[in-house]
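A.B. asks: Sending over run38.tsv (TSV, C-alpha atoms).
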```tsv
chain	number	residue	atom	x	y	z
A	985	MET	CA	-27.46	-1.70	54.89
A	986	MET	CA	-27.81	-3.18	51.40
A	987	GLU	CA	-24.68	-1.49	50.12
A	988	ALA	CA	-22.65	-2.52	53.17
A	989	THR	CA	-23.65	-6.15	52.59
A	990	ILE	CA	-22.69	-5.91	48.92
A	991	ALA	CA	-19.33	-4.47	49.90
A	992	GLU	CA	-18.68	-7.42	52.24
A	993	LEU	CA	-19.69	-10.01	49.63
A	994	ALA	CA	-17.80	-8.25	46.81
A	995	ASP	CA	-14.46	-9.28	48.31
A	996	MET	CA	-15.47	-12.96	48.14
A	997	VAL	CA	-17.64	-13.35	44.99
A	998	GLY	CA	-17.32	-10.03	43.18
A	999	THR	CA	-19.50	-6.94	42.98
A	1000	THR	CA	-21.83	-8.02	40.18
A	1001	PRO	CA	-22.65	-11.50	41.60
A	1002	ALA	CA	-23.21	-9.94	45.03
A	1003	CYS	CA	-25.66	-7.40	43.59
A	1004	ARG	CA	-27.57	-10.08	41.70
A	1005	ALA	CA	-27.77	-12.31	44.80
A	1006	LEU	CA	-29.33	-9.46	46.80
A	1007	GLY	CA	-31.57	-8.24	43.95
A	1008	HIS	CA	-29.75	-4.92	43.58
A	1009	ALA	CA	-28.93	-3.40	40.19
A	1010	PRO	CA	-25.14	-3.49	39.59
A	1011	ALA	CA	-25.31	-0.26	37.58
A	1012	THR	CA	-26.87	1.58	40.52
A	1013	TYR	CA	-24.18	0.33	42.88
A	1014	TYR	CA	-21.38	1.31	40.52
A	1015	ARG	CA	-22.95	4.76	40.03
A	1016	HIS	CA	-23.04	5.36	43.77
A	1017	HIS	CA	-19.52	3.98	44.30
A	1018	PRO	CA	-17.39	5.22	41.39
A	1019	ARG	CA	-13.79	4.03	41.27
A	1020	ARG	CA	-11.74	6.93	40.00
A	1021	PRO	CA	-9.06	6.77	38.95
A	1022	ARG	CA	-9.15	3.17	37.90
A	1023	PRO	CA	-6.61	0.93	39.58
A	1024	PRO	CA	-3.57	0.23	37.43
A	1025	ARG	CA	-3.63	-3.00	35.51
A	1026	PRO	CA	-1.14	-5.57	36.78
A	1027	ARG	CA	1.90	-5.92	34.54
A	1028	ARG	CA	2.80	-9.26	33.10
A	1029	ALA	CA	5.50	-10.97	35.09
A	1030	VAL	CA	7.02	-12.69	32.06
A	1031	ALA	CA	7.53	-11.71	28.46
A	1032	PRO	CA	4.80	-12.76	26.01
A	1033	CYS	CA	5.34	-16.15	24.48
A	1034	PRO	CA	6.32	-16.24	20.80
A	1035	GLN	CA	3.79	-17.32	18.21
A	1036	PRO	CA	3.78	-21.14	18.23
A	1037	ARG	CA	3.65	-21.24	14.43
A	1038	ALA	CA	6.48	-18.70	13.96
A	1039	LEU	CA	9.47	-19.81	11.93
A	1040	SER	CA	12.54	-20.84	13.84
A	1041	PRO	CA	15.85	-19.07	13.16
A	1042	ASP	CA	17.00	-21.98	11.00
A	1043	GLU	CA	13.79	-21.89	8.98
A	1044	GLN	CA	14.09	-18.13	8.51
A	1045	GLN	CA	17.64	-18.55	7.25
A	1046	THR	CA	16.41	-21.24	4.83
A	1047	VAL	CA	13.84	-18.82	3.41
A	1048	LEU	CA	16.46	-16.08	2.98
A	1049	ASP	CA	18.92	-18.47	1.32
A	1050	THR	CA	16.19	-19.54	-1.10
A	1051	LEU	CA	15.38	-15.93	-1.97
A	1052	HIS	CA	19.08	-15.23	-2.57
A	1053	VAL	CA	19.70	-18.02	-5.07
A	1054	PRO	CA	20.52	-16.75	-8.60
A	1055	ARG	CA	17.18	-17.78	-10.15
A	1056	PHE	CA	15.14	-15.96	-7.46
A	1057	VAL	CA	17.36	-12.96	-6.76
A	1058	ASP	CA	15.44	-10.72	-9.20
A	1059	ALA	CA	11.98	-12.25	-8.62
A	1060	ALA	CA	9.23	-10.93	-6.39
A	1061	PRO	CA	8.36	-12.97	-3.25
A	1062	ALA	CA	4.93	-13.76	-4.70
A	1063	THR	CA	6.62	-15.22	-7.81
A	1064	VAL	CA	9.05	-17.21	-5.67
A	1065	TRP	CA	6.18	-18.53	-3.56
A	1066	ALA	CA	4.20	-19.65	-6.64
A	1067	THR	CA	7.27	-21.27	-8.25
A	1068	LEU	CA	8.06	-23.21	-5.11
A	1069	LEU	CA	4.45	-24.41	-4.89
A	1070	ASP	CA	4.70	-25.73	-8.47
A	1071	GLU	CA	7.80	-27.64	-7.36
A	1072	GLY	CA	6.01	-29.07	-4.34
A	1073	ARG	CA	7.77	-26.91	-1.73
A	1074	TYR	CA	6.21	-24.57	0.79
A	1075	LEU	CA	8.48	-22.51	3.01
A	1076	CYS	CA	6.22	-19.70	4.20
A	1077	SER	CA	3.69	-17.18	2.96
A	1078	PRO	CA	4.65	-14.24	0.68
A	1079	ALA	CA	3.93	-11.86	3.59
A	1080	THR	CA	6.49	-13.67	5.74
A	1081	MET	CA	9.04	-13.44	2.91
A	1082	TYR	CA	8.49	-9.69	2.72
A	1083	ARG	CA	8.76	-9.38	6.50
A	1084	LEU	CA	12.09	-11.24	6.58
A	1085	LEU	CA	13.48	-9.18	3.69
A	1086	ARG	CA	12.28	-5.93	5.26
A	1087	ARG	CA	14.01	-6.82	8.51
A	1088	ARG	CA	17.32	-7.09	6.61
A	1089	GLY	CA	16.73	-3.89	4.62
A	1090	GLU	CA	16.35	-5.72	1.30
A	1091	VAL	CA	12.93	-4.35	0.30
A	1092	HIS	CA	13.44	-1.09	-1.54
A	1093	GLU	CA	13.44	0.39	-5.03
A	1094	ARG	CA	16.42	-1.01	-6.92
A	1095	ARG	CA	15.99	0.96	-10.12
A	1096	ARG	CA	17.94	4.12	-10.68
A	1097	GLN	CA	15.97	7.07	-9.37
A	1098	ALA	CA	16.23	10.56	-10.77
A	1099	THR	CA	17.72	12.97	-8.27
A	1100	HIS	CA	16.89	16.65	-8.34
A	1101	PRO	CA	18.89	19.35	-6.56
A	1102	ALA	CA	17.18	21.25	-3.79
A	1103	THR	CA	15.30	24.30	-4.98
A	1104	VAL	CA	17.27	27.43	-4.22
A	1105	LYS	CA	15.27	30.55	-3.59
A	1106	PRO	CA	16.46	33.32	-5.96
A	1107	GLU	CA	17.86	36.43	-4.36
A	1108	LEU	CA	18.35	40.02	-5.36
A	1109	CYS	CA	21.54	41.33	-3.78
A	1110	ALA	CA	22.12	45.04	-3.20
A	1111	PRO	CA	25.86	45.61	-2.49
A	1112	ALA	CA	25.51	49.42	-2.63
A	1113	PRO	CA	22.85	52.16	-2.81
A	1114	ASN	CA	20.94	52.66	-6.05
A	1115	ARG	CA	21.56	49.09	-7.16
A	1116	VAL	CA	18.19	47.55	-6.29
A	1117	TRP	CA	14.94	49.43	-5.90
A	1118	SER	CA	11.59	48.00	-4.92
A	1119	TRP	CA	8.28	49.69	-5.50
A	1120	ASP	CA	4.65	49.04	-4.64
A	1121	ILE	CA	1.24	50.70	-4.55
A	1122	THR	CA	-0.72	50.77	-1.27
A	1123	LYS	CA	-4.33	51.81	-0.74
A	1124	LEU	CA	-4.91	54.53	1.84
A	1125	LEU	CA	-8.28	55.09	3.52
A	1126	GLY	CA	-9.85	58.40	2.52
A	1127	PRO	CA	-11.82	60.85	4.66
A	1128	ALA	CA	-15.20	59.59	3.43
A	1129	THR	CA	-16.67	56.10	3.37
A	1130	TRP	CA	-15.57	53.95	0.41
A	1131	THR	CA	-12.98	56.48	-0.71
A	1132	TYR	CA	-9.34	55.52	-1.10
A	1133	TYR	CA	-6.11	57.05	-2.27
A	1134	TYR	CA	-3.20	55.19	-3.82
A	1135	CYS	CA	0.30	55.70	-2.44
A	1136	TYR	CA	3.13	54.92	-4.89
A	1137	VAL	CA	6.44	54.40	-3.08
A	1138	ILE	CA	9.89	53.41	-4.38
A	1139	LEU	CA	12.45	52.20	-1.82
A	1140	ASP	CA	16.17	51.68	-2.12
A	1141	ILE	CA	16.78	48.19	-0.73
A	1142	TYR	CA	20.28	48.86	0.58
A	1143	SER	CA	19.63	52.10	2.49
A	1144	ARG	CA	15.82	51.88	2.93
A	1145	TYR	CA	15.66	55.42	1.56
A	1146	VAL	CA	12.45	56.53	-0.15
A	1147	VAL	CA	13.70	57.57	-3.58
A	1148	GLY	CA	10.27	58.53	-4.92
A	1149	TRP	CA	6.63	58.66	-3.96
A	1150	LEU	CA	3.27	60.14	-4.88
A	1151	VAL	CA	-0.36	59.91	-3.76
A	1152	ALA	CA	-3.08	59.75	-6.40
A	1153	ALA	CA	-6.79	59.16	-6.54
A	1154	ARG	CA	-6.42	56.15	-8.83
A	1155	GLU	CA	-4.00	53.43	-9.77
A	1156	SER	CA	-2.58	53.98	-13.22
A	1157	SER	CA	0.37	52.64	-15.18
A	1158	ALA	CA	0.89	56.14	-16.60
A	1159	LEU	CA	1.39	57.58	-13.12
A	1160	ALA	CA	3.75	54.75	-12.25
A	1161	GLU	CA	5.70	55.38	-15.43
A	1162	GLN	CA	6.06	59.08	-14.63
A	1163	LEU	CA	7.14	58.37	-11.01
A	1164	ILE	CA	9.83	55.92	-12.09
A	1165	ALA	CA	11.16	58.27	-14.76
A	1166	ASP	CA	11.33	61.23	-12.35
A	1167	SER	CA	13.04	59.15	-9.63
A	1168	TRP	CA	15.56	57.77	-12.12
A	1169	ALA	CA	16.45	61.27	-13.33
A	1170	ALA	CA	16.54	62.80	-9.83
A	1171	HIS	CA	19.16	60.34	-8.59
A	1172	GLY	CA	21.28	60.29	-11.73
A	1173	ILE	CA	21.11	56.57	-12.30
A	1174	ARG	CA	23.39	55.22	-15.03
A	1175	ARG	CA	22.15	52.70	-17.54
A	1176	HIS	CA	22.32	49.00	-16.72
A	1177	THR	CA	23.24	49.59	-13.06
A	1178	LEU	CA	19.79	49.45	-11.42
A	1179	THR	CA	17.31	46.63	-10.87
A	1180	LEU	CA	13.69	47.53	-10.11
A	1181	HIS	CA	11.77	44.83	-8.25
A	1182	ALA	CA	7.99	44.60	-7.82
A	1183	ASP	CA	5.22	42.11	-7.44
A	1184	ARG	CA	3.00	41.10	-10.32
A	1185	GLY	CA	0.34	43.80	-10.03
A	1186	SER	CA	-1.32	45.23	-13.10
A	1187	SER	CA	0.70	48.45	-13.02
A	1188	MET	CA	3.97	46.60	-12.38
A	1189	THR	CA	3.55	44.31	-15.39
A	1190	SER	CA	2.04	46.90	-17.75
A	1191	LYS	CA	3.59	47.57	-21.14
A	1192	PRO	CA	4.20	51.32	-20.56
A	1193	VAL	CA	6.31	50.56	-17.49
A	1194	ALA	CA	8.15	47.74	-19.26
A	1195	HIS	CA	8.95	49.95	-22.25
A	1196	LEU	CA	10.13	52.76	-19.98
A	1197	LEU	CA	12.47	50.49	-18.06
A	1198	ALA	CA	13.86	49.13	-21.32
A	1199	ASP	CA	14.52	52.68	-22.57
A	1200	LEU	CA	16.21	53.69	-19.27
A	1201	GLY	CA	18.35	50.54	-19.14
A	1202	VAL	CA	16.79	49.39	-15.85
A	1203	ILE	CA	16.57	45.65	-15.21
A	1204	GLN	CA	13.01	44.62	-14.47
A	1205	SER	CA	12.41	42.03	-11.73
A	1206	HIS	CA	9.20	40.44	-10.47
A	1207	SER	CA	8.24	38.05	-7.72
A	1208	ARG	CA	7.73	34.44	-8.70
A	1209	PRO	CA	4.16	33.52	-9.69
A	1210	HIS	CA	1.96	32.30	-6.84
A	1211	VAL	CA	4.70	33.03	-4.26
A	1212	SER	CA	3.50	35.56	-1.71
A	1213	ASN	CA	6.67	35.96	0.38
A	1214	ASP	CA	9.13	36.97	-2.33
A	1215	CYS	CA	8.36	40.63	-1.70
A	1216	ASP	CA	6.57	41.94	1.36
A	1217	ASP	CA	3.71	44.22	0.37
A	1218	GLU	CA	4.05	46.32	3.54
A	1219	LEU	CA	6.37	49.15	2.57
A	1220	GLY	CA	9.40	49.52	4.78
A	1221	GLU	CA	9.43	45.91	6.01
A	1222	ASN	CA	12.21	43.46	5.27
A	1223	ARG	CA	11.57	41.58	2.08
A	1224	PRO	CA	12.67	37.94	1.90
A	1225	GLY	CA	15.03	37.41	-0.99
A	1226	LEU	CA	16.23	41.02	-1.06
A	1227	THR	CA	19.47	41.12	0.89
A	1228	ARG	CA	22.59	43.21	1.09
A	1229	GLU	CA	24.80	40.76	2.99
A	1230	THR	CA	26.23	39.14	-0.15
A	1231	THR	CA	27.73	40.54	-3.28
A	1232	GLY	CA	26.64	40.18	-6.86
A	1233	LEU	CA	23.37	40.84	-8.59
A	1234	VAL	CA	21.01	38.00	-9.41
A	1235	PRO	CA	17.71	39.41	-10.70
A	1236	TRP	CA	14.57	37.37	-10.79
A	1237	ASP	CA	13.12	36.32	-14.06
```
Could you render the structure as structure tokens?
C.D. replies:
Amino acid sequence: MMEATIAELADMVGTTPACRALGHAPATYYRHHPRRPRPPRPRRAVAPCPQPRALSPDEQQTVLDTLHVPRFVDAAPATVWATLLDEGRYLCSPATMYRLLRRRGEVHERRRQATHPATVKPELCAPAPNRVWSWDITKLLGPATWTYYYCYVILDIYSRYVVGWLVAARESSALAEQLIADSWAAHGIRRHTLTLHADRGSSMTSKPVAHLLADLGVIQSHSRPHVSNDCDDELGENRPGLTRETTGLVPWD
């Protein structure tokens, strides 16, 4: 009965005044009669009125003409505003000057800016077999807990052929040196025709391997520092930067 009376009075005086007149808590009434979803708010029939203190088009043009005079053309709006105040003139605030200039696209850096070319990702190109090899060392899970074996694999980038591999109980630069030397001799590689790419692991950057490659005439290539996608560590997957679609040979530093 109470709620029906409130509903009748709500159309005339509103829900909250009706609840207060009958001694009923408005929160309780709203909780028992939720309005979901809320009714859409009525849209304004006319456009909002402009700010009464806004500058007129003629006044805006006066401000722009003042900023464009030779003595103010290289001055900041704050400097122009202070100079005009010293002369007893007030056109607008510095913020308004910036807003008018920004609207015309006249607020930007006018000094000469250094331009740098886009960074080009280096590429190793393999136009034929035995031009670019890539090698890596992968840990293999052993038969017992906490035991691992190390798989050394050398791949030819162009043909994806495994040119050399071995499995050892430890990672050693001496084993890597022996594997590279045997693979180089087995395939009859000529001097200065092969590039060997690897990441920056300890065995790949060791002095024995570097000296061997220098003696064999093999160009040594490494991934860029702190770049994880130059060479995919999963053997047999496509390596970004190692392509055979283009010609030439551009080894990494």
A.B. asks: Between CA of Asp1183 in chain A and CA of Ala1160 in chain A, what is the spacing in Å?
C.D. replies: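 Spanning CA of Ala1160 in chain A to CA of Asp1183 in chain A is a straight-line distance of 13.6 Å.
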A.B. asks: I'd like the interatomic distance between CA of Val1147 in chain A and CA of Arg1115 in chain A, to a tenth of an Å.
C.D. replies: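 Going from CA of Val1147 in chain A over to CA of Arg1115 in chain A, I get 12.1 Å.
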A.B. asks: Fewer than 2 positions away in the same chain doesn't count, so skip those; otherwise give me all residues within 9 Å of Met986 in chain A, counting only C-alpha atoms, as a CSV table (one decimal) with C-alpha atoms, in the frame of the given file.
C.D. replies:
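As written to disk, around_11.csv reads:
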```csv
chain,number,residue,atom,x,y,z
A,988,ALA,CA,-22.6,-2.5,53.2
A,989,THR,CA,-23.6,-6.2,52.6
A,990,ILE,CA,-22.7,-5.9,48.9
A,991,ALA,CA,-19.3,-4.5,49.9
A,1006,LEU,CA,-29.3,-9.5,46.8
A,1008,HIS,CA,-29.8,-4.9,43.6
```
A.B. asks: Can you pull out every residue within 8 Å of range 1117-1129 of chain A, counting all atoms listed in the file, but drop anything in the same chain fewer than 4 positions away, and send it as a PyMOL selection string?
C.D. replies: chain A and resi 1133-1141+1155+1178-1183+1217+1219
A.B. asks: Identify, on the basis of only C-alpha atoms, every residue whose closest approach to Ser1167 in chain A does not exceed 10 Å; exclude the query and any residue fewer than 4 positions from it along the same chain; express the result as a PyMOL selection string.
C.D. replies: chain A and resi 1138+1146-1149+1162-1163+1171-1173
A.B. asks: If we count only C-alpha atoms and set the cut-off at 9 Å, which residues sit around Tyr1013 in chain A, ignoring sequence neighbours fewer than 3 positions away in its own chain? Please answer as a PyMOL selection string.
C.D. replies: chain A and resi 987+990+999+1003+1008-1010+1016-1018
